[in-house]
file my_file13.cif (mmCIF, C-alpha atoms)
data_protein
#
loop_
_atom_site.group_PDB
_atom_site.id
_atom_site.type_symbol
_atom_site.label_atom_id
_atom_site.label_comp_id
_atom_site.auth_asym_id
_atom_site.auth_seq_id
_atom_site.Cartn_x
_atom_site.Cartn_y
_atom_site.Cartn_z
ATOM 1 C CA MET A 23 22.698 -41.652 -1.648
ATOM 2 C CA SER A 24 21.280 -38.164 -1.933
ATOM 3 C CA MET A 25 17.742 -37.468 -0.891
ATOM 4 C CA ALA A 26 15.317 -36.019 -3.413
ATOM 5 C CA SER A 27 14.588 -32.359 -2.842
ATOM 6 C CA THR A 28 11.255 -31.497 -1.277
ATOM 7 C CA PRO A 29 8.800 -30.241 -3.894
ATOM 8 C CA LEU A 30 7.939 -26.560 -3.554
ATOM 9 C CA VAL A 31 4.466 -25.719 -2.350
ATOM 10 C CA PRO A 32 2.580 -24.400 -5.400
ATOM 11 C CA LEU A 33 1.718 -20.697 -5.462
ATOM 12 C CA GLU A 34 1.068 -19.099 -8.834
ATOM 13 C CA SER A 35 -0.781 -16.100 -10.201
ATOM 14 C CA GLY A 36 -4.377 -17.033 -10.924
ATOM 15 C CA ASP A 37 -4.686 -19.613 -8.147
ATOM 16 C CA ARG A 38 -7.961 -19.300 -6.252
ATOM 17 C CA LEU A 39 -7.463 -19.832 -2.538
ATOM 18 C CA THR A 40 -8.900 -18.985 0.830
ATOM 19 C CA ARG A 41 -6.916 -16.398 2.764
ATOM 20 C CA GLU A 42 -5.814 -19.041 5.261
ATOM 21 C CA GLU A 43 -4.543 -21.414 2.550
ATOM 22 C CA PHE A 44 -2.851 -18.562 0.678
ATOM 23 C CA HIS A 45 -1.032 -17.471 3.820
ATOM 24 C CA ARG A 46 0.097 -21.033 4.565
ATOM 25 C CA ARG A 47 1.480 -21.516 1.062
ATOM 26 C CA TYR A 48 3.101 -18.092 0.963
ATOM 27 C CA CYS A 49 4.904 -18.725 4.262
ATOM 28 C CA ALA A 50 6.207 -21.990 2.775
ATOM 29 C CA ARG A 51 7.724 -20.160 -0.224
ATOM 30 C CA PRO A 52 10.589 -17.915 0.952
ATOM 31 C CA ASP A 53 11.769 -17.803 -2.673
ATOM 32 C CA ILE A 54 8.741 -15.644 -3.547
ATOM 33 C CA LYS A 55 9.409 -12.064 -2.452
ATOM 34 C CA LYS A 56 5.904 -10.677 -2.887
ATOM 35 C CA ALA A 57 2.535 -12.282 -3.468
ATOM 36 C CA GLU A 58 -0.953 -11.055 -2.685
ATOM 37 C CA LEU A 59 -4.458 -12.455 -2.512
ATOM 38 C CA ILE A 60 -7.032 -10.140 -4.083
ATOM 39 C CA MET A 61 -10.655 -11.215 -3.628
ATOM 40 C CA GLY A 62 -9.583 -14.860 -3.533
ATOM 41 C CA VAL A 63 -7.184 -14.702 -6.515
ATOM 42 C CA VAL A 64 -3.388 -14.979 -6.187
ATOM 43 C CA TYR A 65 -1.064 -12.384 -7.748
ATOM 44 C CA VAL A 66 2.674 -13.124 -7.660
ATOM 45 C CA ALA A 67 4.739 -9.993 -8.280
ATOM 46 C CA SER A 68 7.546 -9.715 -10.812
ATOM 47 C CA PRO A 69 11.045 -8.672 -9.661
ATOM 48 C CA THR A 70 11.194 -5.011 -8.647
ATOM 49 C CA SER A 71 12.830 -2.643 -11.133
ATOM 50 C CA GLY A 72 14.479 0.726 -10.533
ATOM 51 C CA ARG A 73 11.451 2.298 -12.178
ATOM 52 C CA HIS A 74 9.474 1.120 -9.150
ATOM 53 C CA GLY A 75 12.197 1.299 -6.515
ATOM 54 C CA GLY A 76 13.014 4.999 -6.931
ATOM 55 C CA PRO A 77 9.462 6.318 -6.511
ATOM 56 C CA HIS A 78 8.865 3.768 -3.766
ATOM 57 C CA GLY A 79 11.828 5.140 -1.826
ATOM 58 C CA MET A 80 10.549 8.694 -2.189
ATOM 59 C CA ILE A 81 7.089 7.735 -0.941
ATOM 60 C CA VAL A 82 8.544 5.951 2.086
ATOM 61 C CA THR A 83 10.732 8.959 2.916
ATOM 62 C CA TRP A 84 7.744 11.328 2.630
ATOM 63 C CA LEU A 85 5.507 9.182 4.849
ATOM 64 C CA GLY A 86 8.349 8.406 7.258
ATOM 65 C CA HIS A 87 9.090 12.103 7.713
ATOM 66 C CA PHE A 88 5.454 12.675 8.665
ATOM 67 C CA ALA A 89 5.199 9.630 10.941
ATOM 68 C CA ALA A 90 8.423 10.542 12.766
ATOM 69 C CA GLY A 91 6.911 13.841 13.861
ATOM 70 C CA THR A 92 3.390 12.595 14.580
ATOM 71 C CA PRO A 93 2.891 10.540 17.762
ATOM 72 C CA GLY A 94 0.458 7.672 17.426
ATOM 73 C CA VAL A 95 1.011 7.169 13.684
ATOM 74 C CA ARG A 96 2.659 3.995 12.381
ATOM 75 C CA LEU A 97 4.291 3.544 8.972
ATOM 76 C CA MET A 98 4.548 0.098 7.400
ATOM 77 C CA VAL A 99 6.426 -0.779 4.193
ATOM 78 C CA GLU A 100 5.348 -3.890 2.260
ATOM 79 C CA ALA A 101 3.979 -5.420 5.454
ATOM 80 C CA THR A 102 1.435 -8.226 5.248
ATOM 81 C CA ASN A 103 -2.058 -6.883 5.825
ATOM 82 C CA PHE A 104 -5.027 -9.198 6.463
ATOM 83 C CA ILE A 105 -7.366 -6.567 5.106
ATOM 84 C CA THR A 106 -10.549 -8.553 4.391
ATOM 85 C CA ALA A 107 -11.713 -12.138 4.740
ATOM 86 C CA ASP A 108 -10.713 -12.938 1.126
ATOM 87 C CA SER A 109 -7.715 -10.629 0.641
ATOM 88 C CA GLU A 110 -4.166 -10.450 1.984
ATOM 89 C CA VAL A 111 -2.091 -7.584 0.612
ATOM 90 C CA GLN A 112 1.396 -6.099 0.918
ATOM 91 C CA PRO A 113 0.969 -2.404 0.121
ATOM 92 C CA ASP A 114 4.070 -0.499 -0.913
ATOM 93 C CA ALA A 115 3.483 1.751 2.115
ATOM 94 C CA PHE A 116 0.666 2.552 4.501
ATOM 95 C CA LEU A 117 -0.121 4.610 7.581
ATOM 96 C CA PHE A 118 -2.417 3.773 10.473
ATOM 97 C CA TYR A 119 -3.147 4.976 13.970
ATOM 98 C CA ASP A 120 -1.759 2.947 16.857
ATOM 99 C CA PRO A 121 -3.758 2.337 18.974
ATOM 100 C CA PRO A 122 -6.674 2.044 16.527
ATOM 101 C CA ARG A 123 -9.467 4.565 16.821
ATOM 102 C CA GLN A 124 -12.434 2.366 15.967
ATOM 103 C CA ALA A 125 -13.445 -1.212 15.160
ATOM 104 C CA GLY A 126 -12.141 -2.395 11.790
ATOM 105 C CA ASP A 127 -9.122 -0.083 11.778
ATOM 106 C CA ALA A 128 -5.684 -1.573 11.168
ATOM 107 C CA ARG A 129 -4.062 -3.117 14.219
ATOM 108 C CA LEU A 130 -1.159 -5.463 14.950
ATOM 109 C CA THR A 131 -2.103 -9.090 15.622
ATOM 110 C CA GLU A 132 -0.477 -11.275 18.268
ATOM 111 C CA ASP A 133 1.726 -12.873 15.579
ATOM 112 C CA ASP A 134 2.873 -9.419 14.386
ATOM 113 C CA TYR A 135 0.864 -9.007 11.196
ATOM 114 C CA VAL A 136 -1.495 -6.128 10.429
ATOM 115 C CA GLU A 137 -5.223 -6.815 10.375
ATOM 116 C CA GLY A 138 -7.935 -4.405 9.243
ATOM 117 C CA ALA A 139 -7.997 -1.226 7.175
ATOM 118 C CA PRO A 140 -5.153 1.332 7.313
ATOM 119 C CA GLN A 141 -6.201 4.976 7.088
ATOM 120 C CA LEU A 142 -3.950 5.641 4.070
ATOM 121 C CA VAL A 143 -2.406 3.286 1.505
ATOM 122 C CA VAL A 144 0.103 4.120 -1.255
ATOM 123 C CA GLU A 145 0.954 1.893 -4.216
ATOM 124 C CA VAL A 146 3.602 2.571 -6.876
ATOM 125 C CA ALA A 147 2.341 1.269 -10.210
ATOM 126 C CA ALA A 148 5.386 0.923 -12.464
ATOM 127 C CA THR A 149 3.864 -1.887 -14.535
ATOM 128 C CA SER A 150 0.641 -2.816 -12.727
ATOM 129 C CA ALA A 151 -1.593 0.231 -13.047
ATOM 130 C CA SER A 152 -4.623 -1.824 -14.105
ATOM 131 C CA TYR A 153 -4.139 -4.114 -11.106
ATOM 132 C CA ASP A 154 -3.666 -1.262 -8.630
ATOM 133 C CA LEU A 155 -6.462 0.858 -10.120
ATOM 134 C CA HIS A 156 -9.052 -1.891 -10.434
ATOM 135 C CA ASP A 157 -9.036 -5.124 -8.403
ATOM 136 C CA LYS A 158 -6.761 -3.840 -5.650
ATOM 137 C CA LYS A 159 -8.549 -0.514 -5.489
ATOM 138 C CA GLU A 160 -11.818 -2.412 -5.082
ATOM 139 C CA VAL A 161 -10.385 -4.351 -2.129
ATOM 140 C CA TYR A 162 -9.336 -1.124 -0.425
ATOM 141 C CA ARG A 163 -12.751 0.405 -1.109
ATOM 142 C CA ARG A 164 -14.587 -2.586 0.322
ATOM 143 C CA ALA A 165 -12.326 -2.585 3.367
ATOM 144 C CA GLY A 166 -13.083 1.090 3.991
ATOM 145 C CA VAL A 167 -9.579 2.526 3.504
ATOM 146 C CA PRO A 168 -10.267 6.293 3.686
ATOM 147 C CA GLU A 169 -7.461 7.407 1.346
ATOM 148 C CA TYR A 170 -5.683 5.544 -1.443
ATOM 149 C CA ILE A 171 -2.815 6.933 -3.522
ATOM 150 C CA VAL A 172 -1.483 5.397 -6.751
ATOM 151 C CA TRP A 173 1.702 6.712 -8.365
ATOM 152 C CA ARG A 174 1.446 5.733 -12.035
ATOM 153 C CA VAL A 175 5.102 5.950 -13.008
ATOM 154 C CA LEU A 176 4.767 5.455 -16.762
ATOM 155 C CA ASP A 177 1.938 7.981 -16.970
ATOM 156 C CA ARG A 178 3.762 10.479 -14.719
ATOM 157 C CA ARG A 179 0.636 10.875 -12.641
ATOM 158 C CA ILE A 180 -0.274 10.531 -8.985
ATOM 159 C CA ASP A 181 -3.914 9.690 -8.298
ATOM 160 C CA TRP A 182 -5.187 10.488 -4.798
ATOM 161 C CA PHE A 183 -8.540 8.873 -4.014
ATOM 162 C CA ARG A 184 -10.739 9.689 -1.028
ATOM 163 C CA LEU A 185 -13.640 7.562 0.170
ATOM 164 C CA ARG A 186 -16.963 9.405 0.041
ATOM 165 C CA ASP A 187 -20.280 7.624 0.627
ATOM 166 C CA GLY A 188 -18.604 4.273 0.017
ATOM 167 C CA GLU A 189 -16.969 5.218 -3.309
ATOM 168 C CA TYR A 190 -13.542 6.575 -4.217
ATOM 169 C CA VAL A 191 -13.397 10.120 -5.583
ATOM 170 C CA ARG A 192 -10.212 11.474 -7.205
ATOM 171 C CA ILE A 193 -8.879 14.565 -5.428
ATOM 172 C CA GLU A 194 -7.203 17.349 -7.407
ATOM 173 C CA PRO A 195 -4.347 19.515 -6.065
ATOM 174 C CA ASP A 196 -5.156 22.937 -4.634
ATOM 175 C CA ALA A 197 -3.898 26.275 -5.989
ATOM 176 C CA ARG A 198 -0.441 25.549 -4.532
ATOM 177 C CA GLY A 199 -0.293 22.203 -6.277
ATOM 178 C CA THR A 200 -0.671 20.222 -3.063
ATOM 179 C CA ILE A 201 -3.128 17.719 -1.624
ATOM 180 C CA GLU A 202 -3.582 17.394 2.135
ATOM 181 C CA SER A 203 -4.780 14.210 3.788
ATOM 182 C CA THR A 204 -8.024 14.314 5.736
ATOM 183 C CA ALA A 205 -7.116 11.118 7.602
ATOM 184 C CA PHE A 206 -3.766 12.621 8.669
ATOM 185 C CA PRO A 207 -3.976 16.412 8.885
ATOM 186 C CA GLY A 208 -0.611 17.972 8.072
ATOM 187 C CA LEU A 209 0.372 15.250 5.600
ATOM 188 C CA ARG A 210 0.641 17.255 2.388
ATOM 189 C CA LEU A 211 1.922 16.194 -1.005
ATOM 190 C CA ALA A 212 3.339 18.643 -3.555
ATOM 191 C CA VAL A 213 2.347 16.501 -6.502
ATOM 192 C CA GLU A 214 4.452 18.021 -9.295
ATOM 193 C CA LYS A 215 7.546 18.181 -7.080
ATOM 194 C CA MET A 216 7.175 14.501 -6.232
ATOM 195 C CA LEU A 217 6.751 13.605 -9.897
ATOM 196 C CA ALA A 218 9.861 15.660 -10.732
ATOM 197 C CA GLY A 219 11.926 13.823 -8.127
ATOM 198 C CA ASP A 220 12.294 16.931 -5.950
ATOM 199 C CA LEU A 221 12.046 15.143 -2.607
ATOM 200 C CA ALA A 222 13.603 18.056 -0.711
ATOM 201 C CA GLY A 223 10.908 20.326 -2.130
ATOM 202 C CA VAL A 224 8.206 17.835 -1.136
ATOM 203 C CA LEU A 225 9.424 17.766 2.473
ATOM 204 C CA THR A 226 9.803 21.545 2.598
ATOM 205 C CA GLU A 227 6.269 22.039 1.309
ATOM 206 C CA MET A 228 4.897 19.630 3.895
ATOM 207 C CA GLY A 229 6.533 21.602 6.664
ATOM 208 C CA SER A 230 5.404 24.992 5.428
ATOM 209 C CA GLY A 231 1.693 24.610 6.041
#
call {"tool": "encode", "arguments": {"input": "my_file13.cif", "output": "C-alpha coordinates"}}
result
Amino acid sequence: MSMASTPLVPLESGDRLTREEFHRRYCARPDIKKAELIMGVVYVASPTSGRHGGPHGMIVTWLGHFAAGTPGVRLMVEATNFITADSEVQPDAFLFYDPPRQAGDARLTEDDYVEGAPQLVVEVAATSASYDLHDKKEVYRRAGVPEYIVWRVLDRRIDWFRLRDGEYVRIEPDARGTIESTAFPGLRLAVEKMLAGDLAGVLTEMGSG
(Lines of atoms letter the chains of each structure in order from A and count residues from 1; the text may use other names and numbers.)
(Lines give C-alpha, C1' and ligand atoms only; values in the text may rest on other atoms or scores of the structure.)
Protein backbone atom coordinates (compact mmCIF):
# COMPACT_ATOMS: atom_id res chain seq x y z
CA MET A 1 0.00 0.00 0.00
CA SER A 2 1.52 3.30 -1.03
CA MET A 3 1.82 6.10 1.44
CA ALA A 4 0.16 9.43 0.69
CA SER A 5 2.61 12.11 -0.34
CA THR A 6 3.45 14.74 2.25
CA PRO A 7 1.60 17.98 1.55
CA LEU A 8 3.86 20.84 0.46
CA VAL A 9 4.38 23.65 2.92
CA PRO A 10 2.38 26.61 1.57
CA LEU A 11 4.35 29.58 0.22
CA GLU A 12 2.60 31.88 -2.22
CA SER A 13 2.90 35.46 -3.40
CA GLY A 14 0.87 37.72 -1.16
CA ASP A 15 1.32 35.67 2.01
CA ARG A 16 2.10 37.83 5.03
CA LEU A 17 4.71 36.22 7.25
CA THR A 18 7.39 36.99 9.77
CA ARG A 19 10.92 36.66 8.43
CA GLU A 20 11.49 33.58 10.58
CA GLU A 21 8.35 31.82 9.33
CA PHE A 22 9.09 32.80 5.72
CA HIS A 23 12.59 31.36 5.97
CA ARG A 24 11.29 28.12 7.50
CA ARG A 25 8.72 27.65 4.75
CA TYR A 26 11.13 28.60 1.99
CA CYS A 27 13.70 26.06 3.20
CA ALA A 28 10.94 23.42 3.11
CA ARG A 29 10.18 24.17 -0.57
CA PRO A 30 13.16 23.16 -2.74
CA ASP A 31 10.80 23.24 -5.73
CA ILE A 32 10.66 27.04 -5.46
CA LYS A 33 13.81 28.51 -6.99
CA LYS A 34 13.42 32.09 -5.78
CA ALA A 35 11.14 33.73 -3.25
CA GLU A 36 11.57 36.89 -1.23
CA LEU A 37 9.95 38.58 1.74
CA ILE A 38 9.50 42.32 1.22
CA MET A 39 8.26 44.23 4.27
CA GLY A 40 6.41 41.14 5.48
CA VAL A 41 4.87 40.18 2.10
CA VAL A 42 5.93 37.11 0.09
CA TYR A 43 6.92 37.39 -3.58
CA VAL A 44 7.51 34.13 -5.47
CA ALA A 45 9.46 34.70 -8.68
CA SER A 46 8.44 33.41 -12.10
CA PRO A 47 10.84 31.18 -14.08
CA THR A 48 13.86 33.10 -15.37
CA SER A 49 13.83 33.97 -19.07
CA GLY A 50 16.74 34.70 -21.40
CA ARG A 51 15.67 38.33 -21.32
CA HIS A 52 16.73 38.32 -17.66
CA GLY A 53 19.53 35.77 -17.83
CA GLY A 54 21.66 37.57 -20.43
CA PRO A 55 21.86 40.93 -18.63
CA HIS A 56 22.24 39.11 -15.32
CA GLY A 57 25.29 37.29 -16.66
CA MET A 58 26.83 40.54 -17.85
CA ILE A 59 26.30 42.21 -14.48
CA VAL A 60 27.89 39.28 -12.65
CA THR A 61 30.89 39.33 -14.99
CA TRP A 62 31.33 43.09 -14.50
CA LEU A 63 31.14 42.87 -10.69
CA GLY A 64 33.22 39.69 -10.60
CA HIS A 65 35.98 41.33 -12.62
CA PHE A 66 36.11 44.16 -10.07
CA ALA A 67 35.92 41.89 -7.02
CA ALA A 68 38.68 39.62 -8.35
CA GLY A 69 41.11 42.53 -8.39
CA THR A 70 39.99 44.19 -5.16
CA PRO A 71 41.02 42.51 -1.89
CA GLY A 72 38.41 42.61 0.84
CA VAL A 73 35.43 42.80 -1.53
CA ARG A 74 32.95 39.91 -1.77
CA LEU A 75 30.53 39.25 -4.63
CA MET A 76 27.33 37.30 -4.03
CA VAL A 77 24.87 36.14 -6.71
CA GLU A 78 21.25 35.47 -5.67
CA ALA A 79 22.39 34.76 -2.12
CA THR A 80 19.88 34.95 0.72
CA ASN A 81 20.23 38.24 2.56
CA PHE A 82 18.54 38.84 5.94
CA ILE A 83 18.50 42.55 5.25
CA THR A 84 15.94 43.85 7.77
CA ALA A 85 13.74 42.39 10.48
CA ASP A 86 10.79 42.04 8.06
CA SER A 87 12.59 41.37 4.76
CA GLU A 88 14.63 38.52 3.30
CA VAL A 89 15.86 39.10 -0.24
CA GLN A 90 17.89 37.36 -2.95
CA PRO A 91 19.41 40.17 -5.01
CA ASP A 92 20.58 39.31 -8.50
CA ALA A 93 24.07 40.41 -7.41
CA PHE A 94 25.62 42.42 -4.62
CA LEU A 95 28.99 43.53 -3.28
CA PHE A 96 30.07 44.01 0.32
CA TYR A 97 33.25 44.45 2.30
CA ASP A 98 34.56 41.45 4.21
CA PRO A 99 35.27 42.03 7.04
CA PRO A 100 32.50 44.61 7.49
CA ARG A 101 33.52 48.19 8.15
CA GLN A 102 30.78 49.23 10.55
CA ALA A 103 27.75 47.95 12.46
CA GLY A 104 24.83 47.06 10.19
CA ASP A 105 27.00 46.27 7.17
CA ALA A 106 26.53 42.93 5.42
CA ARG A 107 28.31 40.02 7.04
CA LEU A 108 28.20 36.22 6.86
CA THR A 109 26.28 34.50 9.65
CA GLU A 110 27.37 31.28 11.35
CA ASP A 111 24.95 29.31 9.14
CA ASP A 112 26.43 30.90 5.99
CA TYR A 113 23.75 33.43 5.08
CA VAL A 114 24.30 37.16 4.64
CA GLU A 115 22.88 39.52 7.26
CA GLY A 116 22.78 43.31 7.04
CA ALA A 117 23.12 45.84 4.24
CA PRO A 118 25.51 45.29 1.30
CA GLN A 119 27.26 48.40 0.00
CA LEU A 120 25.97 47.88 -3.56
CA VAL A 121 23.01 45.89 -4.91
CA VAL A 122 22.08 45.22 -8.56
CA GLU A 123 18.72 43.93 -9.78
CA VAL A 124 17.81 43.03 -13.37
CA ALA A 125 14.18 43.97 -13.97
CA ALA A 126 13.06 42.05 -17.06
CA THR A 127 9.41 41.93 -15.98
CA SER A 128 9.38 43.30 -12.43
CA ALA A 129 10.40 46.94 -12.76
CA SER A 130 7.58 48.17 -10.51
CA TYR A 131 8.58 45.65 -7.84
CA ASP A 132 12.30 46.47 -8.04
CA LEU A 133 11.73 50.23 -8.28
CA HIS A 134 9.16 50.52 -5.50
CA ASP A 135 8.75 47.99 -2.67
CA LYS A 136 12.19 46.43 -3.03
CA LYS A 137 13.86 49.79 -3.48
CA GLU A 138 12.17 50.94 -0.27
CA VAL A 139 13.60 47.94 1.61
CA TYR A 140 17.11 48.76 0.39
CA ARG A 141 16.63 52.42 1.32
CA ARG A 142 15.43 51.56 4.82
CA ALA A 143 18.31 49.14 5.27
CA GLY A 144 20.81 51.84 4.29
CA VAL A 145 22.21 50.25 1.12
CA PRO A 146 24.44 53.07 -0.22
CA GLU A 147 24.07 52.25 -3.93
CA TYR A 148 21.30 50.45 -5.80
CA ILE A 149 21.31 49.70 -9.53
CA VAL A 150 18.29 48.54 -11.56
CA TRP A 151 18.69 47.39 -15.16
CA ARG A 152 15.27 47.87 -16.75
CA VAL A 153 15.61 45.52 -19.71
CA LEU A 154 12.39 46.38 -21.55
CA ASP A 155 13.03 50.11 -21.18
CA ARG A 156 16.70 49.76 -22.18
CA ARG A 157 17.70 51.82 -19.18
CA ILE A 158 20.02 51.39 -16.22
CA ASP A 159 19.09 53.40 -13.13
CA TRP A 160 21.88 53.99 -10.61
CA PHE A 161 20.64 55.28 -7.26
CA ARG A 162 22.81 56.69 -4.49
CA LEU A 163 21.68 57.22 -0.91
CA ARG A 164 21.84 60.87 0.15
CA ASP A 165 20.35 62.08 3.44
CA GLY A 166 18.30 58.90 3.70
CA GLU A 167 16.79 59.09 0.20
CA TYR A 168 17.80 57.61 -3.15
CA VAL A 169 18.95 60.05 -5.83
CA ARG A 170 19.36 58.92 -9.46
CA ILE A 171 22.91 59.42 -10.74
CA GLU A 172 23.53 60.40 -14.36
CA PRO A 173 26.59 59.30 -16.39
CA ASP A 174 29.53 61.69 -16.72
CA ALA A 175 30.84 63.16 -19.98
CA ARG A 176 32.40 59.79 -20.87
CA GLY A 177 29.10 58.02 -20.36
CA THR A 178 30.23 56.28 -17.18
CA ILE A 179 29.17 56.19 -13.55
CA GLU A 180 31.70 55.41 -10.81
CA SER A 181 30.71 53.91 -7.48
CA THR A 182 31.41 55.90 -4.34
CA ALA A 183 31.12 52.78 -2.18
CA PHE A 184 33.70 50.97 -4.35
CA PRO A 185 36.09 53.44 -5.97
CA GLY A 186 37.29 52.11 -9.32
CA LEU A 187 34.04 50.29 -10.08
CA ARG A 188 32.89 52.12 -13.20
CA LEU A 189 30.02 51.34 -15.53
CA ALA A 190 29.94 52.44 -19.18
CA VAL A 191 26.17 52.56 -19.29
CA GLU A 192 25.52 52.63 -23.05
CA LYS A 193 28.09 49.89 -23.69
CA MET A 194 26.41 47.66 -21.12
CA LEU A 195 23.00 48.31 -22.64
CA ALA A 196 24.41 47.49 -26.10
CA GLY A 197 25.80 44.17 -24.87
CA ASP A 198 29.41 45.30 -25.32
CA LEU A 199 30.79 43.56 -22.24
CA ALA A 200 34.39 43.75 -23.50
CA GLY A 201 33.99 47.52 -23.82
CA VAL A 202 32.54 47.73 -20.31
CA LEU A 203 35.53 45.90 -18.83
CA THR A 204 38.01 47.94 -20.87
CA GLU A 205 36.42 51.19 -19.71
CA MET A 206 36.56 50.07 -16.09
CA GLY A 207 40.26 49.41 -16.40
CA SER A 208 41.09 52.67 -18.14
CA GLY A 209 40.36 55.03 -15.28
call {"tool": "residues_around", "arguments": {"input": "my_file13.cif", "residues": "Pro113 of chain A", "least_positions_apart": "3", "cutoff": "12 Å", "atoms": "all atoms listed in the file", "output": "number ranges by chain"}}
result
A: 56-60, 67, 78, 81-82, 97-105, 109-110, 116-117, 136, 139-140, 142-147, 154, 158-159, 161-162, 170-172
call {"tool": "resolve_selection", "arguments": {"input": "my_file13.cif", "expression": "the PyMOL selection byres ((chain A and resi 229) around 10)", "output": "PDB file with C-alpha atoms, keeping the file's coordinate frame"}}
result
ATOM      1  CA  HIS A  87       9.090  12.103   7.713  1.00  0.00           C
ATOM      2  CA  PHE A  88       5.454  12.675   8.665  1.00  0.00           C
ATOM      3  CA  GLY A 208      -0.611  17.972   8.072  1.00  0.00           C
ATOM      4  CA  LEU A 209       0.372  15.250   5.600  1.00  0.00           C
ATOM      5  CA  ARG A 210       0.641  17.255   2.388  1.00  0.00           C
ATOM      6  CA  GLY A 223      10.908  20.326  -2.130  1.00  0.00           C
ATOM      7  CA  VAL A 224       8.206  17.835  -1.136  1.00  0.00           C
ATOM      8  CA  LEU A 225       9.424  17.766   2.473  1.00  0.00           C
ATOM      9  CA  THR A 226       9.803  21.545   2.598  1.00  0.00           C
ATOM     10  CA  GLU A 227       6.269  22.039   1.309  1.00  0.00           C
ATOM     11  CA  MET A 228       4.897  19.630   3.895  1.00  0.00           C
ATOM     12  CA  SER A 230       5.404  24.992   5.428  1.00  0.00           C
ATOM     13  CA  GLY A 231       1.693  24.610   6.041  1.00  0.00           C
TER      14      GLY A 231
END
call {"tool": "atom_distance", "arguments": {"input": "my_file13.cif", "atom1": "atom CA of Ile54 of chain A", "atom2": "atom CA of Ser71 of chain A"}}
result
15.6 Å
call {"tool": "closest_residue", "arguments": {"input": "my_file13.cif", "among": "A:Thr92, A:Thr83, A:Arg46, A:Ala128", "to": "Pro207 of chain A", "atoms": "all atoms listed in the file"}}
result
A:Thr92
call {"tool": "atom_distance", "arguments": {"input": "my_file13.cif", "atom1": "atom CA of His45 of chain A", "atom2": "atom CA of Val66 of chain A"}}
result
12.8 Å
call {"tool": "closest_residue", "arguments": {"input": "my_file13.cif", "among": "A:Thr70, A:Ala165, A:Val63, A:Pro29", "to": "Glu43 of chain A", "atoms": "only C-alpha atoms"}}
result
A:Val63
call {"tool": "resolve_selection", "arguments": {"input": "my_file13.cif", "expression": "the PyMOL selection byres ((chain A and resi 196) around 12)", "output": "PyMOL selection string"}}
result
chain A and resi 193-195+197-202+210-214
call {"tool": "closest_residue", "arguments": {"input": "my_file13.cif", "among": "A:Pro121, A:Gly126, A:Pro69, A:Pro168", "to": "Gln141 of chain A", "atoms": "all atoms listed in the file"}}
result
A:Pro168
call {"tool": "closest_residue", "arguments": {"input": "my_file13.cif", "among": "A:Ala89, A:Leu185, A:Met80, A:Ala50", "to": "Leu217 of chain A", "atoms": "all atoms listed in the file"}}
result
A:Met80
call {"tool": "closest_residue", "arguments": {"input": "my_file13.cif", "among": "A:Asp220, A:Tyr135, A:Ser152, A:Pro77", "to": "Gln112 of chain A", "atoms": "all atoms listed in the file"}}
result
A:Tyr135
call {"tool": "resolve_selection", "arguments": {"input": "my_file13.cif", "expression": "the PyMOL selection byres ((chain A and resi 36-41) around 6)", "output": "list in words"}}
result
Glu34, Ser35, Glu42, Glu43, Phe44, Gly62, Val63, Val64 and Asp108 of chain A
call {"tool": "closest_residue", "arguments": {"input": "my_file13.cif", "among": "A:Tyr153, A:Tyr119, A:Trp182, A:Tyr190", "to": "Gly166 of chain A", "atoms": "all atoms listed in the file"}}
result
A:Tyr190
call {"tool": "atom_distance", "arguments": {"input": "my_file13.cif", "atom1": "atom CA of Pro93 of chain A", "atom2": "atom CA of Asp133 of chain A"}}
result
23.5 Å
call {"tool": "axis_aligned_box", "arguments": {"input": "my_file13.cif", "around": "segment 154-159 of chain A", "padding_each_side": "3 Å", "output": "AutoDock Vina command-line options"}}
result
--center_x -6.4 --center_y -2.1 --center_z -8.0 --size_x 11.4 --size_y 12.0 --size_z 10.9
